[in-house]
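A.B. asks: This is the structure I want to talk about, given as structure tokens.
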Amino acid sequence: MRNEYHQIIRPKMELYNPSDAVTPYLIFSPFTENNGLQSFSFSFSTQSLTTSWSASLIDTRSGKKPLFDEIKLFSIVKIYCADQNRPEFVGVINSRVIEAVSPIGKRLITISGAQITSLLNDFIIASDFAAFGGQQDINTIAENLAQEFALANGSLHIQDFVRKTLGIYEEIQKGFLSNSEFLETLVRFCGDGQRDNIFDFSGFDAGKPAPADVKLFYPITNLLFNNGRNSISSIWRSILPDPLYEMYGRVNQEGKPKVVIRKRPFSPADWKKLNKTNIYPDVMIENAFSLKQSDNEVYTVFNSYLQGAPLSRDQVVVYSEIDEQSDIVLVSAEKVRRYGYRPMEVNFMGYDTANNLKGDATYNEVMRDLNDLLRRWYEKMDEFYSGTLRIIYRYDGEKLYGKNINPEVGGVVDLLGGQFYVEGVSHSWSFGGAHIVTLNISRGYEYDNQGNMVGVIQNIGKRYNELSKHI
């Protein structure tokens, strides 16, 4: 018998001043005078640093300053579920609303915002040169940074790029307008005072190594900054483009929010390392499970190119057509016969000269390797299953509170004889009701113990019907 429990009864929420990560200025729980927490919801997604959250509460105190007047914008919120020592979500308050009367005769307060990693989108440098005459030239800083990266000559790690650009942002902020309080808050709540600790370059459980390949294969462009507003997250995303890389927020096993920046873990070695969770029928909600197979996102041609390479995007395509030995652009022969020309094109903001990538032959090899990676990851999109699944929140332990054993964003669930990638996780709870977890799942396929793709999940209709009998 599995030692699992499916409903939390006493969630807790804490509010902190952004300058103090130790002592909350308000605590909402059944054990305090602020016991009016009515509901909460929060979410995570492998596609975003800025997922949202909200909570509603009523003022249950008497003879004190109104609760609404105590809640401050830009406060940090921590939401605890089963484990009262480990928050499952950490966010920022961006909005507060007070309504006339709640259904039980009390004023209803709603607070909402985004996860704390959204502050990276707000860490912005205003590089309006006309407004800051005499300050350090932002282009010079960018060029120096690019030159340093170019010396790495194909051995630059993602970690180095992210940390160095973060450092350069801090250097630039000394001469230009920037909102550095955002970074300081992140460091305080995510990194225990250490800038390097705000990052997670694997998204795996503690003790598992980062993805096998975390290098950039080419010198990056020095065109990192534009006039106007530049957020640090947009700089990272320009060099680490989707669909090859992920950038999102999560809360790790120690309850610390982290910024995950990693290559998508779809290679067998990385898939094997992902946090895996079994889904059992007794936690699933009836009529709240759907799967689909679709050819809408099938790609048949894969073309990666460097923005600053000798060959433009169009030249790469033509070059591949006239020279079969180049094979820069890769084609899925079976899929192209069925679906025709459906290109996946990824533009990398790098450059190539004879001095760094040593000529077109090496450039061709690098781009071909990237295209082969994309083809292996995305040519089977019509064979994968994807969908949504709602389950009752689970925790482990014989006492009232226990360890969260629910699927994590960026992990894998075992279901219907296959494995599915968890792209999104949403939590919702309201007073008197169950805590519901909604999963957005994709890449449903049969995999072996080493993470290799074996084949399409067979007889899924029959498996689905059998599973439904036990929900």
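By order in the structure tokens, chains are A, B, ...; within a chain, residues start at 1; ligands start at 1, following the order shown.
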May I have the residues within 8 Å of A:Gly387 as a CSV table (one decimal) with C-alpha atoms, in the first residue's frame, using only C-alpha atoms and disregarding those fewer than 5 positions away in the same chain?

C.D. replies:
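Below is the file around-v8.csv, written as the result:
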```csv
chain,number,residue,atom,x,y,z
A,289,PHE,CA,-7.7,13.8,-18.5
A,290,SER,CA,-7.2,14.4,-22.2
A,291,LEU,CA,-4.6,13.3,-24.8
A,292,LYS,CA,-4.1,14.1,-28.4
A,440,ASN,CA,0.5,20.1,-19.2
A,441,ILE,CA,2.3,17.1,-20.7
A,442,SER,CA,4.0,16.5,-24.1
```

A.B. asks: Rank nothing, just name the residue among A:Gly444, A:Gly411, A:Pro257, A:Pro281 nearest to A:Arg390, using only C-alpha atoms.

C.D. replies: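 Between A:Gly444, A:Gly411, A:Pro257, A:Pro281, the residue approaching A:Arg390 most closely is A:Pro281.
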
A.B. asks: Rank A:Trp53, A:Tyr393, A:Trp271, A:Phe302 by their smallest atom-to-atom distance to A:Phe420, using only C-alpha atoms, and report the top residue only.

C.D. replies: A:Trp271

A.B. asks: Under the rule that only C-alpha atoms are counted, which of A:Lys72, A:Tyr363, A:Val298, A:Glu181 is the nearest residue to A:Gly340?

C.D. replies: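 Between A:Lys72, A:Tyr363, A:Val298, A:Glu181, the residue approaching A:Gly340 most closely is A:Val298.
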
A.B. asks: Could you pull the residues within 9 Å of A:Ile58, counting only C-alpha atoms, minus those fewer than 3 positions along the same chain, as a list in words?

C.D. replies: Asn34, Asn35, Gly36, Leu37, Gln38, Leu67, Ser102, Lys106, Arg107, Leu108, Ile109 and Thr110 of chain A

A.B. asks: Grab the residues selected above and save them as a CSV table (one decimal), in the first residue's frame with C-alpha atoms.

C.D. replies:
```
chain,number,residue,atom,x,y,z
A,34,ASN,CA,-4.4,35.9,10.2
A,35,ASN,CA,-6.4,32.8,9.4
A,36,GLY,CA,-8.5,34.1,6.6
A,37,LEU,CA,-6.7,32.6,3.6
A,38,GLN,CA,-9.5,31.6,1.2
A,67,LEU,CA,-5.1,44.1,6.8
A,102,SER,CA,-17.1,38.8,0.7
A,106,LYS,CA,-16.1,40.2,5.4
A,107,ARG,CA,-14.1,42.5,3.1
A,108,LEU,CA,-12.3,40.3,0.5
A,109,ILE,CA,-8.7,41.1,-0.4
A,110,THR,CA,-7.1,39.7,-3.6
```

A.B. asks: Go through A:Ile285, A:Gln450, A:Glu365, A:Leu186 one by one, measure the shortest atom-to-atom distance of each to A:Ala269 using only C-alpha atoms, and give the residue with the smallest value.

C.D. replies: A:Gln450

A.B. asks: Work out how far apart atom CA of A:Lys78 and atom CA of A:Leu26 are and give it in Å to one decimal.

C.D. replies: 10.7 Å

A.B. asks: Near stretch 451-466 of chain A, counting only C-alpha atoms, which residues have an atom at most 9 Å away, once you skip same-chain residues fewer than 3 positions from it, shown as a list in words?

C.D. replies: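 Near neighbours after the sequence-gap exclusion: Phe266, Ser267, Pro268, Ala269, Asp270, Trp271, Lys272, Lys273, Glu383, Phe384, Tyr385, Leu416, Gly417, Gly418, Gly444, Tyr445, Glu446, Tyr447, Asp448, Lys469 and His470 of chain A.
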
A.B. asks: Save out the residues we just selected, C-alpha atoms, as a PDB file, in the first residue's frame.

C.D. replies:
```pdb
ATOM      1  CA  PHE A 266      15.624  15.571 -24.930  1.00  0.00           C
ATOM      2  CA  SER A 267      18.829  13.621 -25.572  1.00  0.00           C
ATOM      3  CA  PRO A 268      18.755  10.090 -24.090  1.00  0.00           C
ATOM      4  CA  ALA A 269      21.429  10.897 -21.492  1.00  0.00           C
ATOM      5  CA  ASP A 270      19.554  13.950 -20.228  1.00  0.00           C
ATOM      6  CA  TRP A 271      16.080  12.398 -20.442  1.00  0.00           C
ATOM      7  CA  LYS A 272      17.313   9.588 -18.194  1.00  0.00           C
ATOM      8  CA  LYS A 273      18.276  12.121 -15.489  1.00  0.00           C
ATOM      9  CA  GLU A 383       3.997  10.429 -33.162  1.00  0.00           C
ATOM     10  CA  PHE A 384       4.034  12.038 -29.711  1.00  0.00           C
ATOM     11  CA  TYR A 385       1.014  12.353 -27.444  1.00  0.00           C
ATOM     12  CA  LEU A 416      -0.214   4.594 -19.971  1.00  0.00           C
ATOM     13  CA  GLY A 417       2.946   2.621 -20.664  1.00  0.00           C
ATOM     14  CA  GLY A 418       4.892   5.672 -21.792  1.00  0.00           C
ATOM     15  CA  GLY A 444       4.392  11.107 -24.850  1.00  0.00           C
ATOM     16  CA  TYR A 445       6.296   8.106 -26.207  1.00  0.00           C
ATOM     17  CA  GLU A 446       7.778   4.784 -25.172  1.00  0.00           C
ATOM     18  CA  TYR A 447      11.318   5.142 -23.796  1.00  0.00           C
ATOM     19  CA  ASP A 448      13.771   2.558 -22.511  1.00  0.00           C
ATOM     20  CA  LYS A 469     -12.218   2.263 -14.804  1.00  0.00           C
ATOM     21  CA  HIS A 470      -9.978   2.910 -11.792  1.00  0.00           C
TER      22      HIS A 470
END
```

A.B. asks: Taking into account only C-alpha atoms, which residue in the set A:Leu415, A:Ile391, A:Leu156, A:Ala21 is nearest to A:Lys256?

C.D. replies: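 Result for the nearest residue to A:Lys256: A:Ala21.
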
A.B. asks: Provide the atom CA of A:Val409 to atom CA of A:Asn275 distance in Å, to one decimal place.

C.D. replies: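 Computing it gives 9.2 Å between the two atoms.
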
A.B. asks: Near A:Arg96, within 9 Å and counting only C-alpha atoms, which residues show up once chain neighbours fewer than 3 positions away are dropped, as number ranges by chain?

C.D. replies: A: 68, 71-73, 93, 109-113

A.B. asks: Write out the residues from the selection above, keeping N, CA and C atoms, as a PDB file, in the first residue's frame.

C.D. replies:
```
ATOM      1  N   PHE A  68      -5.613  45.164   4.671  1.00  0.00           N
ATOM      2  CA  PHE A  68      -5.285  45.664   3.338  1.00  0.00           C
ATOM      3  C   PHE A  68      -4.192  46.731   3.404  1.00  0.00           C
ATOM      4  N   ILE A  71      -0.559  45.167   3.669  1.00  0.00           N
ATOM      5  CA  ILE A  71       0.011  44.448   2.525  1.00  0.00           C
ATOM      6  C   ILE A  71       0.610  45.448   1.544  1.00  0.00           C
ATOM      7  N   LYS A  72       1.871  45.227   1.175  1.00  0.00           N
ATOM      8  CA  LYS A  72       2.606  46.182   0.352  1.00  0.00           C
ATOM      9  C   LYS A  72       2.940  45.576  -1.014  1.00  0.00           C
ATOM     10  N   LEU A  73       2.843  46.420  -2.024  1.00  0.00           N
ATOM     11  CA  LEU A  73       3.313  46.003  -3.342  1.00  0.00           C
ATOM     12  C   LEU A  73       4.810  45.727  -3.296  1.00  0.00           C
ATOM     13  N   ILE A  93       4.354  40.396  -5.222  1.00  0.00           N
ATOM     14  CA  ILE A  93       3.040  41.027  -5.274  1.00  0.00           C
ATOM     15  C   ILE A  93       3.103  42.230  -6.208  1.00  0.00           C
ATOM     16  N   ILE A 109      -9.937  40.494   0.116  1.00  0.00           N
ATOM     17  CA  ILE A 109      -8.701  41.062  -0.421  1.00  0.00           C
ATOM     18  C   ILE A 109      -8.110  40.057  -1.405  1.00  0.00           C
ATOM     19  N   THR A 110      -7.744  40.532  -2.578  1.00  0.00           N
ATOM     20  CA  THR A 110      -7.084  39.692  -3.579  1.00  0.00           C
ATOM     21  C   THR A 110      -5.713  40.274  -3.889  1.00  0.00           C
ATOM     22  N   ILE A 111      -4.701  39.461  -3.789  1.00  0.00           N
ATOM     23  CA  ILE A 111      -3.348  39.872  -4.155  1.00  0.00           C
ATOM     24  C   ILE A 111      -2.858  38.952  -5.261  1.00  0.00           C
ATOM     25  N   SER A 112      -2.034  39.476  -6.147  1.00  0.00           N
ATOM     26  CA  SER A 112      -1.578  38.682  -7.287  1.00  0.00           C
ATOM     27  C   SER A 112      -0.248  39.216  -7.799  1.00  0.00           C
ATOM     28  N   GLY A 113       0.360  38.455  -8.682  1.00  0.00           N
ATOM     29  CA  GLY A 113       1.638  38.865  -9.254  1.00  0.00           C
ATOM     30  C   GLY A 113       2.237  37.765 -10.103  1.00  0.00           C
TER      31      GLY A 113
END
```

A.B. asks: Which of these residues is nearest to A:Thr23, using only C-alpha atoms: A:Thr46, A:Lys64, A:Val77, A:Phe201?

C.D. replies: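 Of A:Thr46, A:Lys64, A:Val77, A:Phe201, the one nearest A:Thr23 is A:Val77, counting only C-alpha atoms.
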
A.B. asks: Report, in Å with one decimal, the straight-line distance from atom CA of A:Arg375 to atom CA of A:Val412.

C.D. replies: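 Here the two named atoms are 21.3 Å from each other.
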
A.B. asks: Counting only C-alpha atoms, what is within 12 Å of A:Thr300, bar same-chain residues fewer than 4 positions away, as an MDAnalysis selection string?

C.D. replies: chainID A and resid 295:296 329:345 371:372 374:382

A.B. asks: Please provide the set of residues having any atom within 6 Å of A:Tyr16, restricted to only C-alpha atoms, with same-chain residues fewer than 4 positions apart removed, written as a list in words.

C.D. replies: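 Counting only C-alpha atoms, the residues come to Pro24, Tyr25, Ser75 and Ile76 of chain A.
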